[in-house]
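Asks: Before I ask anything, let me first share the structure, which is written out below as structure tokens.
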Amino acid sequence: MSYTIDRIFSGADIDDIDARTRAALAAAGFGILTEIDVKATMKKKIDKDLPGYRILGACNPNMAWQAIGMEPKVGAMLPCNVIVRETDEGVEVSAVDPVASMTGINNQELGAVADQVRQMLAEVVSTI
């Protein structure tokens, strides 16, 4: 089982794909709670160069509310991270597969919520 939902944009600009990703997430009801510029962080902290690499911590409040109501500790696995990174093939967007990340929690109701979020994130990635 893959743990991400992926799409590559050949010949694309990372800033353009980042903006399109944010717009697609917003249209699906996700807000960005956290943002990490991994490229800048690696350069600053350990003086290492990395191609563009950003982590967007996306959260759909309604889905998070449901999940936390079922499993209060599930917050340790939130938000749903989405990465936007430069590769040799182009700019890749990868969203966490919430079903894969929830496999360690034995709760069928939570699994149904994770499946719904997976479908939402797959739709987001496909509409970028």
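Numbering starts fresh at 1 for the residues of each chain in the structure tokens, the chains themselves are lettered A, B, ... in the order given, and ligands are numbered from 1 as they appear.
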Considering only C-alpha atoms, return as an MDAnalysis selection string whatever protein or nucleic-acid residues lie within 9 Å of region 34-51 of chain A, sequence-local ones (same chain, fewer than 6 positions apart) excluded.
Replies: chainID A and resid 57:58 79 81 85:87
Asks: Considering only C-alpha atoms, return as a CSV table (one decimal) with N, CA and C atoms, in the first residue's frame whatever protein or nucleic-acid residues lie within 9 Å of region 97-100 of chain A, sequence-local ones (same chain, fewer than 4 positions apart) excluded.
Replies:
chain,number,residue,atom,x,y,z
A,1,MET,N,0.8,-1.2,0.0
A,1,MET,CA,0.0,0.0,0.0
A,1,MET,C,0.9,1.2,0.0
A,2,SER,N,0.6,2.1,-0.9
A,2,SER,CA,1.4,3.4,-1.0
A,2,SER,C,0.9,4.3,0.2
A,3,TYR,N,1.7,5.1,0.7
A,3,TYR,CA,1.3,6.0,1.8
A,3,TYR,C,1.0,7.4,1.3
A,4,THR,N,1.1,7.7,0.0
A,4,THR,CA,0.8,9.0,-0.5
A,4,THR,C,0.0,8.9,-1.8
A,5,ILE,N,-0.6,10.0,-2.1
A,5,ILE,CA,-1.4,10.2,-3.3
A,5,ILE,C,-0.6,11.2,-4.2
A,77,MET,N,-1.7,12.5,14.6
A,77,MET,CA,-1.5,12.2,13.2
A,77,MET,C,-2.0,13.3,12.3
A,80,CYS,N,-3.2,16.7,7.8
A,80,CYS,CA,-2.8,15.9,6.6
A,80,CYS,C,-1.7,16.6,5.8
A,104,GLY,N,-2.6,1.8,12.2
A,104,GLY,CA,-2.3,1.4,13.6
A,104,GLY,C,-3.4,1.6,14.6
A,111,GLY,N,-11.7,4.6,10.4
A,111,GLY,CA,-11.3,4.1,9.1
A,111,GLY,C,-12.2,4.7,8.0
A,112,ALA,N,-13.5,4.8,8.3
A,112,ALA,CA,-14.5,5.3,7.3
A,112,ALA,C,-14.2,6.8,7.1
A,113,VAL,N,-13.9,7.5,8.2
A,113,VAL,CA,-13.6,8.9,8.0
A,113,VAL,C,-12.3,9.1,7.2
A,114,ALA,N,-11.3,8.3,7.6
A,114,ALA,CA,-10.0,8.3,6.8
A,114,ALA,C,-10.2,8.0,5.3
A,115,ASP,N,-11.1,7.1,5.0
A,115,ASP,CA,-11.4,6.8,3.6
A,115,ASP,C,-12.0,8.0,2.9
A,117,VAL,N,-11.6,11.2,3.8
A,117,VAL,CA,-10.5,12.2,3.6
A,117,VAL,C,-9.6,11.8,2.5
A,118,ARG,N,-9.3,10.5,2.3
A,118,ARG,CA,-8.5,10.0,1.2
A,118,ARG,C,-9.1,10.4,-0.1
A,121,LEU,N,-8.7,14.1,-0.7
A,121,LEU,CA,-7.4,14.5,-1.1
A,121,LEU,C,-7.0,14.0,-2.5
A,122,ALA,N,-7.5,12.8,-2.8
A,122,ALA,CA,-7.3,12.3,-4.2
A,122,ALA,C,-7.9,13.3,-5.2
Asks: Name all residues at most 12 Å from Ala26 (chain A) (count only C-alpha atoms; drop same-chain ones fewer than 4 positions away) and give them as number ranges by chain.
Replies: A: 19-22, 30-33, 58-61, 120-121, 124, 127-128
Asks: Tell me, in Å to one decimal, how far CA of Leu25 (chain A) is from CA of Asp88 (chain A).
Replies: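 According to the coordinates, CA of Leu25 (chain A) and CA of Asp88 (chain A) are separated by 24.9 Å.
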